[in-house]
Amino acid sequence: MPGVIVGEDDRTMPAKRPATEVSSLAPAPAEAGRKAVRGKDVLISAALFLAGVGVAFGWAYDLFAKLFDLVHNRCAFQRSDFSVGCSVIRPPASALWGLLIGGGGMFLVLVGALVLGAVAAMTGRRAWIWPAVALPVIALVGGAGHVLVATAIS
């Protein structure tokens, strides 16, 4: 191979680039790619999310109380022979569906609002929209779970 010097291309360090090429490879500033996180939106989003957590805890307390009504065995004490006679009542399937819809639905909506609100805040969009949408959905799902579990209790 005429004109090729062996070992010239075997460098361990990359070749230095001209200044004009280096400036074009520099990452763009953060302000150019996305909007800044707005403090007011984050505060409104946090307040709405905490309101959603409060509503979810209220419905969860109601569903937890109804769970005890579902698993409660009705027992009567027999005074004559000191025995206890219990009648075990199996709850209907609507009770399980109510607990799954109520508890699971509220959990998924809260996690979704938290994740989507954080992504919206970091990309410069309005973060309060997702917790605001989640609040009535939590109330709706909790109410549906309450109705399903309450119809199972006789």
# chains A, B, ... in the order shown; residues from 1 in each chain; ligands from 1

$ residues_around --residues "region 39-43 of chain A" --least-positions-apart "5" --cutoff "8 Å" --atoms "only C-alpha atoms" --output "list in words"
Ala121, Arg126, Ala127 and Trp128 of chain A

$ residues_around --residues "region 100-103 of chain A" --least-positions-apart "5" --cutoff "8 Å" --atoms "only C-alpha atoms" --output "list in words"
Trp59, Ala60, Leu63, Val141, Gly142, Gly143, Ala144, Gly145 and His146 of chain A

$ write_last_selection --atoms "C-alpha atoms" --output "tab-separated table (two decimals), in the first residue's frame"
chain	number	residue	atom	x	y	z
A	59	TRP	CA	-64.31	5.41	50.26
A	60	ALA	CA	-61.66	2.91	51.40
A	63	LEU	CA	-65.42	-0.40	51.89
A	141	VAL	CA	-65.35	4.32	41.23
A	142	GLY	CA	-65.63	4.47	45.03
A	143	GLY	CA	-69.39	4.96	44.77
A	144	ALA	CA	-69.69	2.03	42.37
A	145	GLY	CA	-67.73	-0.17	44.78
A	146	HIS	CA	-69.93	0.98	47.67

$ atom_distance --atom1 "CA of Lys35 (chain A)" --atom2 "CA of Gly124 (chain A)"
4.5 Å

$ atom_distance --atom1 "CA of Pro91 (chain A)" --atom2 "CA of Ile138 (chain A)"
24.8 Å

$ decode --residues "region 102-118 of chain A" --atoms "N, CA, C and O atoms" --output "PDB file, in the first residue's frame"
ATOM      1  N   GLY A 102     -63.832  -0.853  43.524  1.00  0.00           N
ATOM      2  CA  GLY A 102     -63.621   0.289  44.411  1.00  0.00           C
ATOM      3  C   GLY A 102     -62.168   0.476  44.794  1.00  0.00           C
ATOM      4  O   GLY A 102     -61.567   1.520  44.543  1.00  0.00           O
ATOM      5  N   GLY A 103     -61.574  -0.529  45.400  1.00  0.00           N
ATOM      6  CA  GLY A 103     -60.196  -0.404  45.870  1.00  0.00           C
ATOM      7  C   GLY A 103     -59.181  -0.340  44.747  1.00  0.00           C
ATOM      8  O   GLY A 103     -58.322   0.540  44.710  1.00  0.00           O
ATOM      9  N   GLY A 104     -59.275  -1.269  43.809  1.00  0.00           N
ATOM     10  CA  GLY A 104     -58.329  -1.297  42.699  1.00  0.00           C
ATOM     11  C   GLY A 104     -58.475  -0.115  41.773  1.00  0.00           C
ATOM     12  O   GLY A 104     -57.484   0.443  41.294  1.00  0.00           O
ATOM     13  N   GLY A 105     -59.695   0.285  41.514  1.00  0.00           N
ATOM     14  CA  GLY A 105     -59.924   1.426  40.635  1.00  0.00           C
ATOM     15  C   GLY A 105     -59.388   2.724  41.221  1.00  0.00           C
ATOM     16  O   GLY A 105     -58.754   3.517  40.520  1.00  0.00           O
ATOM     17  N   MET A 106     -59.634   2.935  42.510  1.00  0.00           N
ATOM     18  CA  MET A 106     -59.120   4.150  43.140  1.00  0.00           C
ATOM     19  C   MET A 106     -57.592   4.156  43.148  1.00  0.00           C
ATOM     20  O   MET A 106     -56.964   5.190  42.916  1.00  0.00           O
ATOM     21  N   PHE A 107     -56.996   3.007  43.404  1.00  0.00           N
ATOM     22  CA  PHE A 107     -55.531   2.921  43.404  1.00  0.00           C
ATOM     23  C   PHE A 107     -54.965   3.239  42.022  1.00  0.00           C
ATOM     24  O   PHE A 107     -54.026   4.037  41.894  1.00  0.00           O
ATOM     25  N   LEU A 108     -55.540   2.651  40.982  1.00  0.00           N
ATOM     26  CA  LEU A 108     -55.039   2.896  39.631  1.00  0.00           C
ATOM     27  C   LEU A 108     -55.216   4.351  39.204  1.00  0.00           C
ATOM     28  O   LEU A 108     -54.335   4.930  38.556  1.00  0.00           O
ATOM     29  N   VAL A 109     -56.333   4.946  39.573  1.00  0.00           N
ATOM     30  CA  VAL A 109     -56.574   6.341  39.203  1.00  0.00           C
ATOM     31  C   VAL A 109     -55.595   7.260  39.928  1.00  0.00           C
ATOM     32  O   VAL A 109     -55.052   8.201  39.332  1.00  0.00           O
ATOM     33  N   LEU A 110     -55.326   6.992  41.208  1.00  0.00           N
ATOM     34  CA  LEU A 110     -54.374   7.829  41.942  1.00  0.00           C
ATOM     35  C   LEU A 110     -52.964   7.708  41.381  1.00  0.00           C
ATOM     36  O   LEU A 110     -52.260   8.710  41.215  1.00  0.00           O
ATOM     37  N   VAL A 111     -52.539   6.493  41.090  1.00  0.00           N
ATOM     38  CA  VAL A 111     -51.194   6.302  40.529  1.00  0.00           C
ATOM     39  C   VAL A 111     -51.102   6.938  39.142  1.00  0.00           C
ATOM     40  O   VAL A 111     -50.112   7.601  38.812  1.00  0.00           O
ATOM     41  N   GLY A 112     -52.139   6.770  38.344  1.00  0.00           N
ATOM     42  CA  GLY A 112     -52.145   7.387  37.019  1.00  0.00           C
ATOM     43  C   GLY A 112     -52.090   8.903  37.090  1.00  0.00           C
ATOM     44  O   GLY A 112     -51.368   9.549  36.320  1.00  0.00           O
ATOM     45  N   ALA A 113     -52.842   9.500  38.012  1.00  0.00           N
ATOM     46  CA  ALA A 113     -52.822  10.958  38.164  1.00  0.00           C
ATOM     47  C   ALA A 113     -51.455  11.439  38.623  1.00  0.00           C
ATOM     48  O   ALA A 113     -50.965  12.481  38.163  1.00  0.00           O
ATOM     49  N   LEU A 114     -50.821  10.691  39.507  1.00  0.00           N
ATOM     50  CA  LEU A 114     -49.498  11.080  39.997  1.00  0.00           C
ATOM     51  C   LEU A 114     -48.458  11.028  38.877  1.00  0.00           C
ATOM     52  O   LEU A 114     -47.692  11.977  38.667  1.00  0.00           O
ATOM     53  N   VAL A 115     -48.452   9.947  38.126  1.00  0.00           N
ATOM     54  CA  VAL A 115     -47.457   9.784  37.055  1.00  0.00           C
ATOM     55  C   VAL A 115     -47.707  10.782  35.929  1.00  0.00           C
ATOM     56  O   VAL A 115     -46.786  11.470  35.471  1.00  0.00           O
ATOM     57  N   LEU A 116     -48.933  10.883  35.466  1.00  0.00           N
ATOM     58  CA  LEU A 116     -49.228  11.786  34.355  1.00  0.00           C
ATOM     59  C   LEU A 116     -49.063  13.247  34.753  1.00  0.00           C
ATOM     60  O   LEU A 116     -48.626  14.076  33.949  1.00  0.00           O
ATOM     61  N   GLY A 117     -49.386  13.574  36.004  1.00  0.00           N
ATOM     62  CA  GLY A 117     -49.165  14.943  36.474  1.00  0.00           C
ATOM     63  C   GLY A 117     -47.687  15.285  36.540  1.00  0.00           C
ATOM     64  O   GLY A 117     -47.274  16.391  36.181  1.00  0.00           O
ATOM     65  N   ALA A 118     -46.871  14.336  36.982  1.00  0.00           N
ATOM     66  CA  ALA A 118     -45.426  14.582  37.032  1.00  0.00           C
ATOM     67  C   ALA A 118     -44.839  14.729  35.637  1.00  0.00           C
ATOM     68  O   ALA A 118     -44.007  15.613  35.385  1.00  0.00           O
TER      69      ALA A 118
END
